[in-house]
Structure formats: C-alpha cells, structure tokens
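Single-structure report; data block below.
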Amino acid sequence: MTALMDRYLVPWLRKLSENTYLSAIRAGMIAIVPLTIIGGLFLVISEVPSESWQTWITPYKALLEIPVTATFGLLAVFVCFAIAYDLASRFKLEASVSAGMASLVFLMVQLERVGASDELAGGELQLNMAGLASEGLFTAILIALVCVRIQAWLRDANLVIRLPRSVPSVVYESFLSLVPMLSLVVGFWVIRFVLDVDINRSMQAFFAPLMHGLNTLPGILTFTFFCTLFWSIGINGDNTLDAVVGPIFLAYLAANVDAAKAGEPLPYITALGFITSFVNVGGTGATIALALVMMFSREPGYRQISRLSLPTQVFQINEPIMFGFPIVLNPVFMIPFVISAMSLTAGTFLLMDWGWINKPVIHVPWTTPPVIGHFLVSGGDWRAALWGLISIILAMGIYLPFARTAERQRLAENSGANVENA
C-alpha cells in the first residue's frame with residue numbers, strides 16, 4: 001500500500017500543492033495575517049467580557065471600531081491585491097502594477113447605484129461595502145487570478161505597447177500595462193454592468209455547499225482526515241488544502257467579528273483559528289503529545305528526537321518529529337496521528353456548539369503556543385485554555401499505546417542487531 005501511494009498518489013498531491021495559482025492564493029492569504037491580527041486586537045479591547053470595563057469603554061467603542069472596519073471591512077481588497085502581487089511575481093510581471101490593476105477591477109465591480117430603478121440609470125453610484133469585506137472574498141480571488149493571467153497572456157502574445165528601453169522604467173511599465181488594463185476594465189464592465197451579472201452572488205452560490213459543509217461536524221472531520229492523511233504520506237496537508245479552505249475560514253472569522261461588534265451570537269464554529277489553535281495542538285496531529293510521551297523512552301533514538309523537537313513543537317512546528325520518528329509512511333504512528341486530530345476536532349466542535357467554550361473571534365499567528373493560542377483565539381475564554389491542556393492529555397492517551405508498541409519494536413530490532421554482531 002505504501003509503495004502504491006508513493007508511486008501514484010504522492011506525485012499528484014505534490015503537483016497540486018505546488019500549483020502556481022493555489023500557491024499564489026496561499027501566499028496572498030498569509031500576507032494579510034497582520035491585518036487580521038491588528039483588527040482582532042482592537043476588537044478584544046472593545047469587547048472584554050467585564051461589566052466594569054464595558055461601562056468605561058462604551059463611550060470609546062466607536063473609535064475602537066475604526067481599525068476593525070479598516071482591516072476586516074476591507075478584507076477582500078487586501079486579498080485581491082496580495083494574491084495578484086504574488087501571482088504576478090511568479091509570472092515575471094511588474095507585481096505592483098498587476099496588483100493595482102486587479103484592485104482597480106475589483107473595486108469597479110463593487111460599484112452599485114443606490115436608489116435607482118435599474119443599474120444603468122438614476123441613483124447615486126457607491127461602493128458596496130459588504131462586497132469589500134468577507135462577502136467579496138471569492139470575487140477578489142477570481143479577479144486577482146484572471147487579471148494577472150490575462151496580463152501575462154497578452155504580454156506573451158506581444159499584444160502590448162512596448163516603448164524603447166531607453167525611456168524610464170516607470171513610463172515603460174505604464175504603457176506596457178495599458179492594453180491589459182483597458183481589456184480587463186472593458187471586459188469586467190460588460191460582465192458586471194452591461195450584462196448585469198452579480199459576480200459576488202454568483203461566486204457565493206458556487207461555493208455555498210463548501211461554505212455550509214465546512215461549518216458542520218461531518219464536513220470539518222472530513223477536512224481534518226484528508227489533511228492528516230496527506231501529512232502521513234509526506235505531503236504538507238495544511239498547505240495543500242489551505243488555498244481552497246483558507247478563504248472560507250477567513251470569511252467565517254470576518255462574520256464572527258461582525259457579530260461580536262454588533263453584540264450578536266457568533267455564527268461560525270470552524271472560523272480561522274479553529275484548526276490552527278484547537279486541532280493542531282503543538283503541530284498537526286497534536287504531535288506535542290507524542291513528544292511528551294517519548295521524552296523518557298527506553299529507546300535512545302526516540303528519547304533524543306522527542307527532547308530535541310519539543311522546543312519547536314511549543315511553537316506548533318512539528319517537522320522534526322514528523323520525519324524524525326518518522327510518522328510519515330509509518331503505520332504505527334500514522335494511525336494515532338489521524339485519530340488524535342479527529343478526536344480534537346470533534347471534541348472542540350461539540351464544546352463550541354454546546355456553548356461551553358467560545359467560538360474563534362481573534363486571529364493569532366499559527367506559531368502561538370498551545371493554551372495561550374486557545375485563550376486568545378476564543379477572545380480570552382479561560383475555559384478554552386483549560387480545554388487546551390485537556391487536549392494535550394487526551395492526545396497523549398491516544399499516542400501512548402502506539403508509542404509503546406513502536407518502542408518495543410525498536411528495542412527488539414536493536415537487541416537482534418547486537419546479537420548478530422556478537
């Protein structure tokens with residue numbers, strides 16, 4: 001089975017993980033992480049669950065909401081710019097020009113007439129602010145990819161205006177982008193306003209099944225299973241799937257932030273932070289638990305790898321133990337690796353669904369240590385921090401019997417080798 005997977009499945013998954021467009025989406029999503037962290041910090045200050053604090057902070061809430069709106073309220077704009085910038089760099093285009101072009105097109109399709117009987121006449125032309133936030137995320141990704149791809153195609157087909165290289169580079173790049181920009185503006189203008197196609201609504205309808213499914217227990221368990229399965233065969237499951245699910249989890253988080261600002265119940269359980277903090281405890285598969293179990297192993301190799309990898313696992317980095325034990329393509333460790341992740345997924349989902357711990361509302365870096373990450377992502381819920389400690393103990397219980405089996409096998413092999421050498 002291992003040989004078959006290594007021959008047929010792994011190469012295909014590796015190509016998928018390294019796909020240019022998916023890599024650009026992934027990089028763009030990572031680029032906006034600081035914005036969501038900054039917006040989250042202001043939200044935490046505004047929504048500290050203390051009656052005395054709320055009494056004092058209420059007069060200043062309108063001011064505190066400005067950075068939240070400037071980050072989460074313009075999320076799709078930043079996503080469009082970041083993805084287009086990264087993809088343009090991969091195609092050897094002038095990245096800033098391409099990112100600006102994509103942003104222009106995205107902003108154009110978010111225009112709407114307010115108080116008009118139709119799109120073509122009457123009323124005042126305004127930006128659809130909801131479309132600039134989470135509602136327009138999928139539109140932003142589509143436009144970023146299409147704009148850069150068309151620009152690259154026009155350049156390769158030499159359907160651009162090329163001035164002599166003696167002119168300043170700024171002027172050269174401006175005229176080089178003129179034909180692609182005109183083509184894109186006219187093309188999306190026709191689609192959005194002449195043909196009256198609501199791109200935001202169309203993209204949301206297309207992704208609606210996934211949007212609904214990933215916020216259900218069966219859906220998020222399926223995602224966790226494939227993510228850990230890919231890791232088990234040597235493919236970074238988080239990176240492979242993040243280009244597809246990352247925008248959805250980010251949209252969930254933005255919706256939770258809007259609900260928190262309005263004082264309403266948070267609508268999404270599996271928002272950004274659910275997987276990175278509550279499931280990937282000490283790394284994907286909660287491998288910090290395996291390191292703790294094997295810290296005092298009788299087998300010197302396991303003991304040394306556990307102690308060396310533990311400091312990195314505190315910061316959610318588990319490659320040393322993934323490839324050092326190894327867990328990859330090792331059935332003894334692959335089984336608890338998958339089971340522990342799915343157990344934490346199910347446990348966390350149910351606890352949040354029952355209201356025993358808060359749902360994700362703050363985005364923190366994925367390298368934030370366990371327990372601290374649980375506390376911060378949940379908006380300062382001590383019960384979430386306690387669940388973080390319980391999660392590690394639970395994962396240790398899952399890994400323990402498999403770890404002891406691997407330890408006995410390794411000791412038996414070493415003993416046999418010593419007998420042969422003697």
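Residues in the structure tokens are numbered from 1 in each chain, the chains being A, B, ... in the order shown, and ligands are numbered from 1 in the order shown.
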
- Non-local contacts of range 164-171 of chain A (12 Å; only C-alpha atoms; under 4 positions in same chain excluded) as a ChimeraX atom specification: /A:94,96-97,175-178

- Task: Skip range 186-191 of chain A itself and residues of its chain fewer than 6 positions away, then list as a ChimeraX atom specification all residues within 10 Å of it, counting only C-alpha atoms.
- Result: /A:105-106,108-109,143,147,180,197-199

Only C-alpha atoms, please: the residues just picked out, written as a compact mmCIF listing (two decimals), in the first residue's frame.
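To be explicit, this is the file written out as selection_28.txt:
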# COMPACT_ATOMS: atom_id res chain seq x y z
CA VAL A 105 -11.09 45.96 -11.50
CA PHE A 106 -12.29 44.55 -8.16
CA MET A 108 -15.13 48.68 -10.15
CA VAL A 109 -17.31 45.57 -9.92
CA ILE A 143 -10.42 38.72 -10.26
CA CYS A 147 -6.39 39.73 -14.28
CA PRO A 180 -4.17 44.69 -20.48
CA VAL A 197 -24.07 39.69 -13.70
CA ASP A 198 -23.75 39.89 -9.91
CA ILE A 199 -20.29 38.35 -9.56

- Message: Taking 3 positions as the minimum chain separation for residues in the same chain, which residues sit within 8 Å of Pro365 in chain A when counting only C-alpha atoms? Answer as a ChimeraX atom specification.
- Response: /A:33,37,368

- Query: In Å, with one decimal, what is the gap from CA of Glu124 in chain A to CA of Val68 in chain A?
  - Reply: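 Computing it gives 26.7 Å between the two atoms.
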
How close does each residue of range 22-45 of chain A get to range 232-255 of chain A, giving the shortest atom pair and distance in Å to one decimal for every residue with an atom at most 9 Å away, counting only C-alpha atoms, sorted by chain and residue number, as JSON lines?
{"residue": "A:Leu22", "atom": "CA", "partner": "A:Ala243", "partner_atom": "CA", "distance": 5.4}
{"residue": "A:Ser23", "atom": "CA", "partner": "A:Ala243", "partner_atom": "CA", "distance": 7.1}
{"residue": "A:Ala24", "atom": "CA", "partner": "A:Ala243", "partner_atom": "CA", "distance": 8.3}
{"residue": "A:Ile25", "atom": "CA", "partner": "A:Ala243", "partner_atom": "CA", "distance": 5.6}
{"residue": "A:Arg26", "atom": "CA", "partner": "A:Ala243", "partner_atom": "CA", "distance": 4.9}
{"residue": "A:Ala27", "atom": "CA", "partner": "A:Ala243", "partner_atom": "CA", "distance": 8.7}
{"residue": "A:Met29", "atom": "CA", "partner": "A:Gly246", "partner_atom": "CA", "distance": 7.2}
{"residue": "A:Thr36", "atom": "CA", "partner": "A:Ala254", "partner_atom": "CA", "distance": 8.9}

- Apply DSSP to the structure's backbone, then extract all residues of range 48-219 of chain A labelled strand (DSSP E or B) and return them as a PyMOL selection string. chain A and resi 111-114+118+121+124-127

- Query: Among range 37-150 of chain A, which residues carry a DSSP assignment of alpha helix (DSSP H), reported as JSON, numbers by chain?
  - Reply: {"A": [37, 38, 39, 40, 41, 42, 43, 44, 45, 46, 51, 52, 53, 54, 55, 56, 57, 61, 62, 63, 64, 65, 66, 67, 68, 69, 70, 71, 75, 76, 77, 78, 79, 80, 81, 82, 83, 84, 85, 86, 87, 88, 89, 90, 95, 96, 97, 98, 99, 100, 101, 102, 103, 104, 105, 106, 107, 108, 109, 129, 130, 131, 132, 137, 138, 139, 140, 141, 142, 143, 144, 145, 146, 147, 148, 149, 150]}

- May I ask for the distance between CA of Leu386 in chain A and CA of Gly282 in chain A, given in Å to one decimal place?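 Rounded to one decimal, the two atoms are 15.3 Å apart.
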
Extract, using only C-alpha atoms, all DNA, RNA and protein residues at most 12 Å from Trp366 in chain A, discarding same-chain residues fewer than 2 positions from it, and format them as a PDB file with C-alpha atoms, in the first residue's frame.
ATOM      1  CA  ILE A  30      -0.707  34.657   4.539  1.00  0.00           C
ATOM      2  CA  VAL A  33      -2.477  37.883   8.507  1.00  0.00           C
ATOM      3  CA  PRO A  34      -1.043  41.042  10.203  1.00  0.00           C
ATOM      4  CA  ILE A  37      -4.318  40.365  13.997  1.00  0.00           C
ATOM      5  CA  ASP A 238      -2.326  22.215   5.553  1.00  0.00           C
ATOM      6  CA  LEU A 272      -9.965  30.757  11.191  1.00  0.00           C
ATOM      7  CA  GLY A 273      -8.157  29.632  14.336  1.00  0.00           C
ATOM      8  CA  PHE A 274     -10.284  26.543  14.962  1.00  0.00           C
ATOM      9  CA  ILE A 275      -7.864  24.225  13.160  1.00  0.00           C
ATOM     10  CA  THR A 276      -4.588  26.058  13.825  1.00  0.00           C
ATOM     11  CA  SER A 277      -5.119  26.506  17.576  1.00  0.00           C
ATOM     12  CA  PHE A 278      -7.653  23.915  18.740  1.00  0.00           C
ATOM     13  CA  VAL A 279      -6.791  20.945  16.479  1.00  0.00           C
ATOM     14  CA  ASN A 280      -3.127  21.424  15.526  1.00  0.00           C
ATOM     15  CA  VAL A 281      -2.028  21.487  19.172  1.00  0.00           C
ATOM     16  CA  GLY A 282       1.749  21.589  19.040  1.00  0.00           C
ATOM     17  CA  GLY A 283       1.575  20.941  15.302  1.00  0.00           C
ATOM     18  CA  THR A 284      -0.726  18.976  13.021  1.00  0.00           C
ATOM     19  CA  GLN A 313       6.564  21.972  18.988  1.00  0.00           C
ATOM     20  CA  VAL A 314       5.783  24.568  21.624  1.00  0.00           C
ATOM     21  CA  PHE A 315       5.589  26.928  18.645  1.00  0.00           C
ATOM     22  CA  GLN A 316       3.490  24.494  16.556  1.00  0.00           C
ATOM     23  CA  ILE A 317       6.397  23.343  14.337  1.00  0.00           C
ATOM     24  CA  ILE A 362      -9.471  36.614  17.102  1.00  0.00           C
ATOM     25  CA  HIS A 363      -6.773  35.631  14.625  1.00  0.00           C
ATOM     26  CA  VAL A 364      -3.364  34.882  16.108  1.00  0.00           C
ATOM     27  CA  THR A 368       1.336  30.830  19.041  1.00  0.00           C
ATOM     28  CA  PRO A 369       1.946  28.169  21.737  1.00  0.00           C
ATOM     29  CA  PRO A 370      -0.917  25.887  22.786  1.00  0.00           C
ATOM     30  CA  ILE A 372      -2.116  30.655  25.001  1.00  0.00           C
ATOM     31  CA  GLY A 373      -3.480  30.300  21.464  1.00  0.00           C
ATOM     32  CA  HIS A 374      -6.669  28.687  22.793  1.00  0.00           C
ATOM     33  CA  LEU A 376      -6.522  34.345  22.604  1.00  0.00           C
ATOM     34  CA  VAL A 377      -8.432  32.864  19.645  1.00  0.00           C
TER      35      VAL A 377
END

Show me, as a PDB file with N, CA and C atoms, in the first residue's frame, the residues that have an atom within 12 Å of Phe337 in chain A when counting only C-alpha atoms, minus same-chain residues fewer than 6 positions from it.
ATOM      1  N   THR A 224     -10.267  17.419   8.251  1.00  0.00           N
ATOM      2  CA  THR A 224      -9.182  17.011   9.153  1.00  0.00           C
ATOM      3  C   THR A 224      -8.594  15.675   8.733  1.00  0.00           C
ATOM      4  N   PHE A 225      -9.455  14.747   8.332  1.00  0.00           N
ATOM      5  CA  PHE A 225      -8.986  13.423   7.914  1.00  0.00           C
ATOM      6  C   PHE A 225      -8.040  13.535   6.720  1.00  0.00           C
ATOM      7  N   PHE A 226      -8.450  14.278   5.691  1.00  0.00           N
ATOM      8  CA  PHE A 226      -7.609  14.385   4.498  1.00  0.00           C
ATOM      9  C   PHE A 226      -6.335  15.177   4.784  1.00  0.00           C
ATOM     10  N   CYS A 227      -6.446  16.195   5.626  1.00  0.00           N
ATOM     11  CA  CYS A 227      -5.264  16.990   5.973  1.00  0.00           C
ATOM     12  C   CYS A 227      -4.204  16.116   6.645  1.00  0.00           C
ATOM     13  N   THR A 228      -4.617  15.317   7.627  1.00  0.00           N
ATOM     14  CA  THR A 228      -3.661  14.446   8.327  1.00  0.00           C
ATOM     15  C   THR A 228      -3.223  13.275   7.453  1.00  0.00           C
ATOM     16  N   LEU A 229      -4.116  12.801   6.593  1.00  0.00           N
ATOM     17  CA  LEU A 229      -3.744  11.721   5.680  1.00  0.00           C
ATOM     18  C   LEU A 229      -2.642  12.176   4.740  1.00  0.00           C
ATOM     19  N   PHE A 230      -2.772  13.392   4.201  1.00  0.00           N
ATOM     20  CA  PHE A 230      -1.739  13.918   3.310  1.00  0.00           C
ATOM     21  C   PHE A 230      -0.405  14.047   4.046  1.00  0.00           C
ATOM     22  N   TRP A 231      -0.449  14.560   5.273  1.00  0.00           N
ATOM     23  CA  TRP A 231       0.773  14.668   6.065  1.00  0.00           C
ATOM     24  C   TRP A 231       1.408  13.290   6.260  1.00  0.00           C
ATOM     25  N   SER A 232       0.569  12.276   6.456  1.00  0.00           N
ATOM     26  CA  SER A 232       1.046  10.924   6.736  1.00  0.00           C
ATOM     27  C   SER A 232       1.840  10.326   5.588  1.00  0.00           C
ATOM     28  N   ILE A 233       1.607  10.840   4.393  1.00  0.00           N
ATOM     29  CA  ILE A 233       2.338  10.312   3.235  1.00  0.00           C
ATOM     30  C   ILE A 233       3.381  11.308   2.725  1.00  0.00           C
ATOM     31  N   VAL A 279      -7.019  22.295  17.005  1.00  0.00           N
ATOM     32  CA  VAL A 279      -6.791  20.945  16.479  1.00  0.00           C
ATOM     33  C   VAL A 279      -5.296  20.671  16.325  1.00  0.00           C
ATOM     34  N   ASN A 280      -4.575  21.601  15.711  1.00  0.00           N
ATOM     35  CA  ASN A 280      -3.127  21.424  15.526  1.00  0.00           C
ATOM     36  C   ASN A 280      -2.380  21.848  16.796  1.00  0.00           C
ATOM     37  N   VAL A 281      -2.641  21.153  17.883  1.00  0.00           N
ATOM     38  CA  VAL A 281      -2.028  21.487  19.172  1.00  0.00           C
ATOM     39  C   VAL A 281      -0.578  21.013  19.164  1.00  0.00           C
ATOM     40  N   GLY A 283       1.365  21.436  16.658  1.00  0.00           N
ATOM     41  CA  GLY A 283       1.575  20.941  15.302  1.00  0.00           C
ATOM     42  C   GLY A 283       0.440  20.047  14.866  1.00  0.00           C
ATOM     43  N   THR A 284       0.323  19.842  13.563  1.00  0.00           N
ATOM     44  CA  THR A 284      -0.726  18.976  13.021  1.00  0.00           C
ATOM     45  C   THR A 284      -0.671  17.604  13.676  1.00  0.00           C
ATOM     46  N   GLY A 285      -1.844  17.080  14.042  1.00  0.00           N
ATOM     47  CA  GLY A 285      -1.889  15.780  14.696  1.00  0.00           C
ATOM     48  C   GLY A 285      -1.559  15.831  16.170  1.00  0.00           C
ATOM     49  N   ALA A 286      -1.473  17.043  16.751  1.00  0.00           N
ATOM     50  CA  ALA A 286      -1.161  17.218  18.183  1.00  0.00           C
ATOM     51  C   ALA A 286       0.094  16.432  18.566  1.00  0.00           C
ATOM     52  N   THR A 287       1.126  16.546  17.737  1.00  0.00           N
ATOM     53  CA  THR A 287       2.321  15.731  17.947  1.00  0.00           C
ATOM     54  C   THR A 287       3.143  16.152  19.160  1.00  0.00           C
ATOM     55  N   ILE A 288       2.809  17.296  19.769  1.00  0.00           N
ATOM     56  CA  ILE A 288       3.485  17.650  21.018  1.00  0.00           C
ATOM     57  C   ILE A 288       3.204  16.585  22.075  1.00  0.00           C
ATOM     58  N   ALA A 289       2.034  15.946  21.972  1.00  0.00           N
ATOM     59  CA  ALA A 289       1.689  14.870  22.906  1.00  0.00           C
ATOM     60  C   ALA A 289       2.607  13.674  22.730  1.00  0.00           C
ATOM     61  N   LEU A 290       2.941  13.347  21.478  1.00  0.00           N
ATOM     62  CA  LEU A 290       3.849  12.234  21.215  1.00  0.00           C
ATOM     63  C   LEU A 290       5.246  12.543  21.746  1.00  0.00           C
ATOM     64  N   ASN A 318       6.255  20.966  13.811  1.00  0.00           N
ATOM     65  CA  ASN A 318       6.439  19.557  14.149  1.00  0.00           C
ATOM     66  C   ASN A 318       7.181  18.741  13.093  1.00  0.00           C
ATOM     67  N   ILE A 321       9.750  15.947  14.375  1.00  0.00           N
ATOM     68  CA  ILE A 321       9.200  14.671  14.842  1.00  0.00           C
ATOM     69  C   ILE A 321       8.461  13.941  13.721  1.00  0.00           C
ATOM     70  N   MET A 322       7.896  14.705  12.762  1.00  0.00           N
ATOM     71  CA  MET A 322       7.187  14.075  11.639  1.00  0.00           C
ATOM     72  C   MET A 322       8.130  13.203  10.823  1.00  0.00           C
ATOM     73  N   PRO A 326      10.017   8.071  12.052  1.00  0.00           N
ATOM     74  CA  PRO A 326       9.139   9.097  11.466  1.00  0.00           C
ATOM     75  C   PRO A 326       7.669   8.733  11.672  1.00  0.00           C
ATOM     76  N   ILE A 327       6.812   9.739  11.495  1.00  0.00           N
ATOM     77  CA  ILE A 327       5.371   9.492  11.425  1.00  0.00           C
ATOM     78  C   ILE A 327       4.982   9.230   9.972  1.00  0.00           C
ATOM     79  N   VAL A 328       5.658   9.922   9.062  1.00  0.00           N
ATOM     80  CA  VAL A 328       5.371   9.791   7.631  1.00  0.00           C
ATOM     81  C   VAL A 328       5.609   8.353   7.161  1.00  0.00           C
ATOM     82  N   LEU A 329       4.591   7.772   6.526  1.00  0.00           N
ATOM     83  CA  LEU A 329       4.639   6.423   5.971  1.00  0.00           C
ATOM     84  C   LEU A 329       5.019   5.370   7.012  1.00  0.00           C
ATOM     85  N   ASN A 330       4.637   5.617   8.250  1.00  0.00           N
ATOM     86  CA  ASN A 330       4.872   4.676   9.339  1.00  0.00           C
ATOM     87  C   ASN A 330       3.521   4.339   9.973  1.00  0.00           C
ATOM     88  N   PRO A 331       2.925   3.195   9.623  1.00  0.00           N
ATOM     89  CA  PRO A 331       1.574   2.863  10.093  1.00  0.00           C
ATOM     90  C   PRO A 331       1.406   2.913  11.604  1.00  0.00           C
ATOM     91  N   SER A 343     -10.163  13.428  16.890  1.00  0.00           N
ATOM     92  CA  SER A 343     -10.756  13.478  18.227  1.00  0.00           C
ATOM     93  C   SER A 343     -10.830  14.917  18.736  1.00  0.00           C
ATOM     94  N   LEU A 344      -9.744  15.673  18.541  1.00  0.00           N
ATOM     95  CA  LEU A 344      -9.737  17.071  18.979  1.00  0.00           C
ATOM     96  C   LEU A 344     -10.704  17.909  18.144  1.00  0.00           C
ATOM     97  N   ALA A 395      -4.586  13.664  23.796  1.00  0.00           N
ATOM     98  CA  ALA A 395      -3.740  13.196  22.684  1.00  0.00           C
ATOM     99  C   ALA A 395      -2.636  12.282  23.200  1.00  0.00           C
ATOM    100  N   MET A 396      -2.091  12.568  24.371  1.00  0.00           N
ATOM    101  CA  MET A 396      -1.069  11.704  24.955  1.00  0.00           C
ATOM    102  C   MET A 396      -1.632  10.301  25.200  1.00  0.00           C
ATOM    103  N   GLY A 397      -2.895  10.238  25.684  1.00  0.00           N
ATOM    104  CA  GLY A 397      -3.532   8.947  25.901  1.00  0.00           C
ATOM    105  C   GLY A 397      -3.730   8.175  24.608  1.00  0.00           C
ATOM    106  N   ILE A 398      -3.993   8.880  23.507  1.00  0.00           N
ATOM    107  CA  ILE A 398      -4.173   8.217  22.204  1.00  0.00           C
ATOM    108  C   ILE A 398      -2.842   7.701  21.677  1.00  0.00           C
ATOM    109  N   TYR A 399      -1.783   8.495  21.835  1.00  0.00           N
ATOM    110  CA  TYR A 399      -0.472   8.100  21.299  1.00  0.00           C
ATOM    111  C   TYR A 399       0.200   7.005  22.135  1.00  0.00           C
ATOM    112  N   LEU A 400      -0.094   6.959  23.450  1.00  0.00           N
ATOM    113  CA  LEU A 400       0.669   6.119  24.371  1.00  0.00           C
ATOM    114  C   LEU A 400       0.785   4.647  23.940  1.00  0.00           C
ATOM    115  N   PHE A 402       0.422   3.171  21.062  1.00  0.00           N
ATOM    116  CA  PHE A 402       1.153   3.033  19.793  1.00  0.00           C
ATOM    117  C   PHE A 402       2.636   3.345  19.998  1.00  0.00           C
ATOM    118  N   ALA A 403       2.914   4.344  20.849  1.00  0.00           N
ATOM    119  CA  ALA A 403       4.307   4.702  21.130  1.00  0.00           C
ATOM    120  C   ALA A 403       5.031   3.561  21.824  1.00  0.00           C
TER     121      ALA A 403
END

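Distance annotation: of A:Phe375, A:Phe333, A:Phe323, A:Phe138, the residue with the minimal separation from Phe207 in chain A is A:Phe138; atom set is only C-alpha atoms.
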
- Task: Would you list the contacts of Arg201 in chain A as a list in words, taking every protein, DNA or RNA residue within 12 Å and counting only C-alpha atoms, but skipping same-chain residues closer than 6 positions in sequence?
- Result: Val109, Gln110, Ala130, Gly131, Glu135, Gly136, Leu137, Phe138, Thr139, Arg192, Phe207 and Ala208 of chain A

- In Å, rounded to a single decimal, give me how far CA of Leu394 in chain A is from CA of Leu292 in chain A.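 Value for the CA of Leu292 in chain A-CA of Leu394 in chain A distance: 12.1 Å.
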
- Item | Minimum-distance residue to Val361 in chain A, chosen among A:Leu163, A:Ala259, A:Met295, A:Met101 (using only C-alpha atoms) |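 That would be A:Ala259, the residue with the smallest distance to Val361 in chain A.
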
- Item | Pick from A:Pro401, A:Gly100, A:Gly379, A:Pro218 nearest to Met294 in chain A, counting only C-alpha atoms |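 Of all the options, A:Pro401 lies closest to Met294 in chain A.
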
- Message: Using only C-alpha atoms for the distances, tell me which of A:Leu43, A:Trp354, A:Ser50, A:Glu112 is nearest to Leu63 in chain A.
- Response: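 Closest to Leu63 in chain A of all the choices is A:Leu43.
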